Amino acid sequence: MLTLPSGFAFDYANLYGDGKVTGADIAGIAGRIAAAHAAVGHMRATGEVRGHLSKDGVPEKVLFSQLPYVAAGNLNSPESIRRLKDFGASLRHRTDAVIHFGIGGSYLGNRVLFDAHCGEFWNSRSPEERGGYPELYFSGNNLDPLRTDDLIKHIRAAAAEKTPYRLLLVVVSKSGGTLDTMGSFMVVHEALRQVPGLELSVVAVTDPAGGDKATLLKKLANDSGWPTFAVPDGVGGRFSVFSEVGLVTAACIGFDLDAFLAGARSMDQACLEGDPRTNPALLNAVLKYLAAANHGRNIEIFMPYADRLKAVAEWYVQLLAESLGKRTDRQGREVFYGRTPVVAVGTTDMHAQTQQHQDGARDKVVQFVRVAAWDSDPVIPDAFPSARELTKISSLRMSQALDAALEANAQALAADGRYSAVFHLPHLDAFHLGELLYLLALSVAYEGELADVDAFDQPGVEAYKRIMSPKLAALKQAGR
Ligand code: PA5
């Protein structure tokens with residue numbers, strides 16, 4: 001178990017040792033571990049990553065590791081944080097609802113912050129119960145016509161109940177032209193802009209470049225007078241939760257963005273050493289890399305035991321899939337690298353996926369996430385004393401039963417030589433969430449180096465886009 005002073009811990013007992021990843025496995029790549037650590041150190045200091053090119057084929061810096069450090073002249077500065085907080089304060093007791101438009105890296109981190117902080121029932125709470133912060137809805141994460149229409153109807157109905165009804169549309173797109181995001185935004189904007197009593201405003205979050213390089217969204221914002229926040233250069237979508245992309249959502253819901261960045265910073269500081277035994281991101285990368293390369297564990301099930309953390313698993317799917325799912329290494333040789341990420345939630349998926357984890361192919365690592373202390377933790381009552389079987393669990397706190405389920409799952413897997421590990425969060429809060437997300441982001445940077453693949457590009461997503469664009473053009477032509 002590697003435990004940090006904050007209480008965050010990585011328990012890798014079921015991933016390392018006899019019959020698992022061994023000391024000999026690690027010794028066998030000692031030189032590569034040292035090189036990976038040096039390369040990530042260089043990335044942290046300069047933003048340079050060997051061989052990394054932008055979508056346009058030009059060298060591009062990788063700057064996400066600078067985001068936790070708030071200082072004048074940095075990507076997150078005291079002024080930018082102040083502006084975000086002012087923005088959040090301007091919504092309190094004033095704005096009724098926010099709709100966030102974004103997809104992929106412009107959505108998944110935002111969803112993590114929303115779920116962790118707000119839970120499932122935020123939008124049905126009163127403004128007072130929300131601390132004066134607005135309701136928040138997501139759109140643009142799909143092109144689903146029915147859900148989009150449902151959302152429009154829901155907002156129209158709310159606006160019919162309250163006048164004026166103040167709605168803010170937050171449109172997030174680094175490229176500024178993503179079909180899903182912009183298509184949904186246009187549908188919703190058009191449907192709501194003339195609803196009587198509904199006051200509509202828009203904020204855009206996009207690449208800040210101006211002039212010829214301005215994104216479509218940036219141009220629209222300039223022409224329409226919408227305020228903007230920035231997706232900084234050198235910060236890819238899947239790493240952008242620590243930038244204004246994620247922090248805008250944090251500001252909208254009163255999530256503690258200082259603590260979130262402090263958690264990321266604290267994890268960065270905990271990951272400075274080159275010894276995997278003391279550096280949790282390097283340790284995670286080394287063990288998962290070796291579990292796949294030497295032991296065939298090519299699937300990673302990310303399984304938080306907390307409903308509010310399901311979105312972390314979804315965020316991690318993108319992080320792992322886009323960062324490490326690569327056809328070629330940096331020498332251009334075909335390697336078809338990358339573990340397949342899978343979303344699971346405990347205890348829910350113990351009643352669905354665990355059969356496969358326990359008895360299916362031995363090709364998985366199950367990565368559990370445990371929350372140690374809960375803000376609410378009901379005791380299971382002895383509600384039906386005549387039902388003897390049920391009295392077995394009465395008087396236990398729900399979290400005790402949840403922990404027992406996680407431990408039993410890990411033990412059953414281990415007893416059959418199956419690999420798992422646990423991230424322990426002392427508490428579900430902004431600080432520890434910042435630690436967890438940052439650890440995972442830094443870990444894929446290390447693993448990219450170990451596997452010698454570019455963890456910061458995603459050329460594979462261009463293939464379908466090349467086919468889809470002409471299809472859309474043909475559809476439009478046919479409709480004329
Ligand atoms: O990680 C990525 O680059 C992608 O998932 C993008 O975040 C996603 O495609 C959305 O792109 P954009 O922010 O340009 O709209």
# chains A, B, ... in the order shown; residues from 1 in each chain; ligands from 1
$ closest_atom_pairs --of "chain A" --to "ligand 1" --cutoff "6 Å" --atoms "only C-alpha atoms and all ligand atoms" --output "JSON lines"
{"residue": "A:Ile103", "atom": "CA", "partner": "ligand 1", "partner_atom_place_in_ligand_line": "10 (C)", "distance": 5.0}
{"residue": "A:Gly104", "atom": "CA", "partner": "ligand 1", "partner_atom_place_in_ligand_line": "5 (O)", "distance": 3.6}
{"residue": "A:Gly105", "atom": "CA", "partner": "ligand 1", "partner_atom_place_in_ligand_line": "7 (O)", "distance": 3.3}
{"residue": "A:Ser106", "atom": "CA", "partner": "ligand 1", "partner_atom_place_in_ligand_line": "13 (O)", "distance": 4.8}
{"residue": "A:Ser173", "atom": "CA", "partner": "ligand 1", "partner_atom_place_in_ligand_line": "13 (O)", "distance": 3.5}
{"residue": "A:Lys174", "atom": "CA", "partner": "ligand 1", "partner_atom_place_in_ligand_line": "13 (O)", "distance": 3.7}
{"residue": "A:Ser175", "atom": "CA", "partner": "ligand 1", "partner_atom_place_in_ligand_line": "14 (O)", "distance": 3.6}
{"residue": "A:Gly176", "atom": "CA", "partner": "ligand 1", "partner_atom_place_in_ligand_line": "14 (O)", "distance": 5.7}
{"residue": "A:Thr178", "atom": "CA", "partner": "ligand 1", "partner_atom_place_in_ligand_line": "15 (O)", "distance": 4.5}
{"residue": "A:Gly236", "atom": "CA", "partner": "ligand 1", "partner_atom_place_in_ligand_line": "3 (O)", "distance": 5.5}
{"residue": "A:Gly237", "atom": "CA", "partner": "ligand 1", "partner_atom_place_in_ligand_line": "7 (O)", "distance": 3.8}
{"residue": "A:Arg238", "atom": "CA", "partner": "ligand 1", "partner_atom_place_in_ligand_line": "1 (O)", "distance": 4.5}
$ residues_around --residues "Ala408 (chain A)" --least-positions-apart "3" --cutoff "12 Å" --atoms "only C-alpha atoms" --output "PyMOL selection string"
chain A and resi 346-347+350+354+358+401-405+411-415
$ residues_around --residues "region 6-13 of chain A" --least-positions-apart "6" --cutoff "7 Å" --atoms "only C-alpha atoms" --output "PyMOL selection string"
chain A and resi 421-426
$ write_last_selection --atoms "all heavy atoms" --output "PDB file, in the first residue's frame"
ATOM      1  N   ALA A 421      -6.697  -3.677  -7.933  1.00  0.00           N
ATOM      2  CA  ALA A 421      -6.016  -2.674  -7.101  1.00  0.00           C
ATOM      3  C   ALA A 421      -7.084  -1.726  -6.589  1.00  0.00           C
ATOM      4  O   ALA A 421      -8.208  -1.708  -7.116  1.00  0.00           O
ATOM      5  CB  ALA A 421      -4.973  -1.927  -7.915  1.00  0.00           C
ATOM      6  N   VAL A 422      -6.736  -0.969  -5.557  1.00  0.00           N
ATOM      7  CA  VAL A 422      -7.723  -0.043  -4.970  1.00  0.00           C
ATOM      8  C   VAL A 422      -7.098   1.342  -4.794  1.00  0.00           C
ATOM      9  O   VAL A 422      -6.008   1.463  -4.231  1.00  0.00           O
ATOM     10  CB  VAL A 422      -8.211  -0.520  -3.575  1.00  0.00           C
ATOM     11  CG1 VAL A 422      -9.407   0.324  -3.122  1.00  0.00           C
ATOM     12  CG2 VAL A 422      -8.559  -1.994  -3.566  1.00  0.00           C
ATOM     13  N   PHE A 423      -7.803   2.361  -5.287  1.00  0.00           N
ATOM     14  CA  PHE A 423      -7.482   3.735  -4.878  1.00  0.00           C
ATOM     15  C   PHE A 423      -8.400   4.075  -3.712  1.00  0.00           C
ATOM     16  O   PHE A 423      -9.628   3.964  -3.840  1.00  0.00           O
ATOM     17  CB  PHE A 423      -7.738   4.739  -6.013  1.00  0.00           C
ATOM     18  CG  PHE A 423      -6.815   4.587  -7.184  1.00  0.00           C
ATOM     19  CD1 PHE A 423      -7.322   4.430  -8.467  1.00  0.00           C
ATOM     20  CD2 PHE A 423      -5.439   4.628  -7.020  1.00  0.00           C
ATOM     21  CE1 PHE A 423      -6.475   4.299  -9.558  1.00  0.00           C
ATOM     22  CE2 PHE A 423      -4.576   4.494  -8.106  1.00  0.00           C
ATOM     23  CZ  PHE A 423      -5.094   4.332  -9.379  1.00  0.00           C
ATOM     24  N   HIS A 424      -7.806   4.481  -2.596  1.00  0.00           N
ATOM     25  CA  HIS A 424      -8.604   4.857  -1.413  1.00  0.00           C
ATOM     26  C   HIS A 424      -8.687   6.371  -1.340  1.00  0.00           C
ATOM     27  O   HIS A 424      -7.648   7.049  -1.236  1.00  0.00           O
ATOM     28  CB  HIS A 424      -7.943   4.354  -0.129  1.00  0.00           C
ATOM     29  CG  HIS A 424      -7.962   2.868   0.008  1.00  0.00           C
ATOM     30  ND1 HIS A 424      -8.948   2.185   0.693  1.00  0.00           N
ATOM     31  CD2 HIS A 424      -7.113   1.917  -0.456  1.00  0.00           C
ATOM     32  CE1 HIS A 424      -8.702   0.888   0.643  1.00  0.00           C
ATOM     33  NE2 HIS A 424      -7.591   0.698  -0.049  1.00  0.00           N
ATOM     34  N   LEU A 425      -9.903   6.899  -1.373  1.00  0.00           N
ATOM     35  CA  LEU A 425     -10.121   8.336  -1.156  1.00  0.00           C
ATOM     36  C   LEU A 425     -10.582   8.526   0.285  1.00  0.00           C
ATOM     37  O   LEU A 425     -11.623   7.957   0.667  1.00  0.00           O
ATOM     38  CB  LEU A 425     -11.217   8.865  -2.078  1.00  0.00           C
ATOM     39  CG  LEU A 425     -10.824   9.431  -3.439  1.00  0.00           C
ATOM     40  CD1 LEU A 425     -10.052   8.433  -4.249  1.00  0.00           C
ATOM     41  CD2 LEU A 425     -12.057   9.890  -4.190  1.00  0.00           C
ATOM     42  N   PRO A 426      -9.863   9.311   1.080  1.00  0.00           N
ATOM     43  CA  PRO A 426     -10.296   9.485   2.472  1.00  0.00           C
ATOM     44  C   PRO A 426     -11.722  10.026   2.566  1.00  0.00           C
ATOM     45  O   PRO A 426     -12.455   9.714   3.497  1.00  0.00           O
ATOM     46  CB  PRO A 426      -9.300  10.499   3.039  1.00  0.00           C
ATOM     47  CG  PRO A 426      -8.100  10.376   2.148  1.00  0.00           C
ATOM     48  CD  PRO A 426      -8.616  10.012   0.789  1.00  0.00           C
TER      49      PRO A 426
END
$ atom_distance --atom1 "CA of Lys219 (chain A)" --atom2 "CA of Ala72 (chain A)"
27.4 Å
$ closest_residue --among "A:Leu179, A:Leu15, A:Ala264, A:Ala97" --to "Arg166 (chain A)" --atoms "only C-alpha atoms"
A:Ala97
$ decode --residues "region 62-73 of chain A" --atoms "all heavy atoms" --output "PDB file, in the first residue's frame"
ATOM      1  N   VAL A  62       2.874  19.965 -24.432  1.00  0.00           N
ATOM      2  CA  VAL A  62       1.907  19.280 -23.571  1.00  0.00           C
ATOM      3  C   VAL A  62       2.009  19.942 -22.196  1.00  0.00           C
ATOM      4  O   VAL A  62       3.012  19.814 -21.507  1.00  0.00           O
ATOM      5  CB  VAL A  62       2.234  17.774 -23.485  1.00  0.00           C
ATOM      6  CG1 VAL A  62       1.317  17.093 -22.479  1.00  0.00           C
ATOM      7  CG2 VAL A  62       2.111  17.124 -24.860  1.00  0.00           C
ATOM      8  N   LEU A  63       0.951  20.652 -21.816  1.00  0.00           N
ATOM      9  CA  LEU A  63       1.080  21.562 -20.673  1.00  0.00           C
ATOM     10  C   LEU A  63       0.135  21.257 -19.507  1.00  0.00           C
ATOM     11  O   LEU A  63       0.057  22.046 -18.565  1.00  0.00           O
ATOM     12  CB  LEU A  63       0.835  23.002 -21.152  1.00  0.00           C
ATOM     13  CG  LEU A  63       1.815  23.501 -22.237  1.00  0.00           C
ATOM     14  CD1 LEU A  63       1.392  24.882 -22.746  1.00  0.00           C
ATOM     15  CD2 LEU A  63       3.241  23.548 -21.715  1.00  0.00           C
ATOM     16  N   PHE A  64      -0.560  20.118 -19.566  1.00  0.00           N
ATOM     17  CA  PHE A  64      -1.559  19.894 -18.505  1.00  0.00           C
ATOM     18  C   PHE A  64      -0.936  19.880 -17.111  1.00  0.00           C
ATOM     19  O   PHE A  64      -1.563  20.265 -16.134  1.00  0.00           O
ATOM     20  CB  PHE A  64      -2.345  18.592 -18.763  1.00  0.00           C
ATOM     21  CG  PHE A  64      -1.617  17.342 -18.359  1.00  0.00           C
ATOM     22  CD1 PHE A  64      -1.734  16.827 -17.078  1.00  0.00           C
ATOM     23  CD2 PHE A  64      -0.788  16.668 -19.262  1.00  0.00           C
ATOM     24  CE1 PHE A  64      -1.054  15.674 -16.700  1.00  0.00           C
ATOM     25  CE2 PHE A  64      -0.103  15.527 -18.891  1.00  0.00           C
ATOM     26  CZ  PHE A  64      -0.235  15.026 -17.608  1.00  0.00           C
ATOM     27  N   SER A  65       0.343  19.440 -17.026  1.00  0.00           N
ATOM     28  CA  SER A  65       0.960  19.325 -15.697  1.00  0.00           C
ATOM     29  C   SER A  65       1.247  20.696 -15.083  1.00  0.00           C
ATOM     30  O   SER A  65       1.603  20.790 -13.907  1.00  0.00           O
ATOM     31  CB  SER A  65       2.237  18.489 -15.763  1.00  0.00           C
ATOM     32  OG  SER A  65       3.164  19.106 -16.630  1.00  0.00           O
ATOM     33  N   GLN A  66       1.073  21.748 -15.860  1.00  0.00           N
ATOM     34  CA  GLN A  66       1.273  23.094 -15.296  1.00  0.00           C
ATOM     35  C   GLN A  66      -0.017  23.646 -14.682  1.00  0.00           C
ATOM     36  O   GLN A  66       0.013  24.629 -13.939  1.00  0.00           O
ATOM     37  CB  GLN A  66       1.781  24.042 -16.392  1.00  0.00           C
ATOM     38  CG  GLN A  66       3.094  23.541 -16.992  1.00  0.00           C
ATOM     39  CD  GLN A  66       3.720  24.515 -17.973  1.00  0.00           C
ATOM     40  OE1 GLN A  66       3.270  25.644 -18.111  1.00  0.00           O
ATOM     41  NE2 GLN A  66       4.755  24.061 -18.659  1.00  0.00           N
ATOM     42  N   LEU A  67      -1.150  23.009 -15.032  1.00  0.00           N
ATOM     43  CA  LEU A  67      -2.440  23.577 -14.622  1.00  0.00           C
ATOM     44  C   LEU A  67      -2.652  23.661 -13.102  1.00  0.00           C
ATOM     45  O   LEU A  67      -3.299  24.611 -12.629  1.00  0.00           O
ATOM     46  CB  LEU A  67      -3.590  22.793 -15.272  1.00  0.00           C
ATOM     47  CG  LEU A  67      -3.698  22.984 -16.789  1.00  0.00           C
ATOM     48  CD1 LEU A  67      -4.634  21.936 -17.398  1.00  0.00           C
ATOM     49  CD2 LEU A  67      -4.190  24.385 -17.138  1.00  0.00           C
ATOM     50  N   PRO A  68      -2.135  22.701 -12.322  1.00  0.00           N
ATOM     51  CA  PRO A  68      -2.391  22.820 -10.869  1.00  0.00           C
ATOM     52  C   PRO A  68      -1.700  24.014 -10.215  1.00  0.00           C
ATOM     53  O   PRO A  68      -2.055  24.386  -9.093  1.00  0.00           O
ATOM     54  CB  PRO A  68      -1.824  21.503 -10.312  1.00  0.00           C
ATOM     55  CG  PRO A  68      -1.810  20.555 -11.467  1.00  0.00           C
ATOM     56  CD  PRO A  68      -1.547  21.407 -12.674  1.00  0.00           C
ATOM     57  N   TYR A  69      -0.717  24.593 -10.901  1.00  0.00           N
ATOM     58  CA  TYR A  69       0.086  25.654 -10.269  1.00  0.00           C
ATOM     59  C   TYR A  69      -0.456  27.031 -10.665  1.00  0.00           C
ATOM     60  O   TYR A  69      -0.303  27.475 -11.802  1.00  0.00           O
ATOM     61  CB  TYR A  69       1.561  25.487 -10.669  1.00  0.00           C
ATOM     62  CG  TYR A  69       2.109  24.186 -10.132  1.00  0.00           C
ATOM     63  CD1 TYR A  69       2.077  23.022 -10.899  1.00  0.00           C
ATOM     64  CD2 TYR A  69       2.581  24.102  -8.824  1.00  0.00           C
ATOM     65  CE1 TYR A  69       2.529  21.818 -10.379  1.00  0.00           C
ATOM     66  CE2 TYR A  69       3.033  22.894  -8.298  1.00  0.00           C
ATOM     67  CZ  TYR A  69       3.001  21.760  -9.083  1.00  0.00           C
ATOM     68  OH  TYR A  69       3.439  20.564  -8.553  1.00  0.00           O
ATOM     69  N   VAL A  70      -1.102  27.670  -9.724  1.00  0.00           N
ATOM     70  CA  VAL A  70      -1.734  28.972  -9.978  1.00  0.00           C
ATOM     71  C   VAL A  70      -0.727  30.070  -9.643  1.00  0.00           C
ATOM     72  O   VAL A  70      -0.323  30.232  -8.499  1.00  0.00           O
ATOM     73  CB  VAL A  70      -3.002  29.130  -9.097  1.00  0.00           C
ATOM     74  CG1 VAL A  70      -3.661  30.482  -9.340  1.00  0.00           C
ATOM     75  CG2 VAL A  70      -3.981  27.994  -9.359  1.00  0.00           C
ATOM     76  N   ALA A  71      -0.291  30.784 -10.661  1.00  0.00           N
ATOM     77  CA  ALA A  71       0.667  31.878 -10.435  1.00  0.00           C
ATOM     78  C   ALA A  71       0.576  32.838 -11.612  1.00  0.00           C
ATOM     79  O   ALA A  71       0.133  32.449 -12.716  1.00  0.00           O
ATOM     80  CB  ALA A  71       2.088  31.331 -10.317  1.00  0.00           C
ATOM     81  N   ALA A  72       1.008  34.052 -11.385  1.00  0.00           N
ATOM     82  CA  ALA A  72       0.956  35.068 -12.456  1.00  0.00           C
ATOM     83  C   ALA A  72       1.714  34.550 -13.675  1.00  0.00           C
ATOM     84  O   ALA A  72       2.816  34.016 -13.540  1.00  0.00           O
ATOM     85  CB  ALA A  72       1.580  36.369 -11.955  1.00  0.00           C
ATOM     86  N   GLY A  73       1.115  34.658 -14.843  1.00  0.00           N
ATOM     87  CA  GLY A  73       1.760  34.219 -16.077  1.00  0.00           C
ATOM     88  C   GLY A  73       1.520  32.752 -16.397  1.00  0.00           C
ATOM     89  O   GLY A  73       1.813  32.291 -17.497  1.00  0.00           O
TER      90      GLY A  73
END
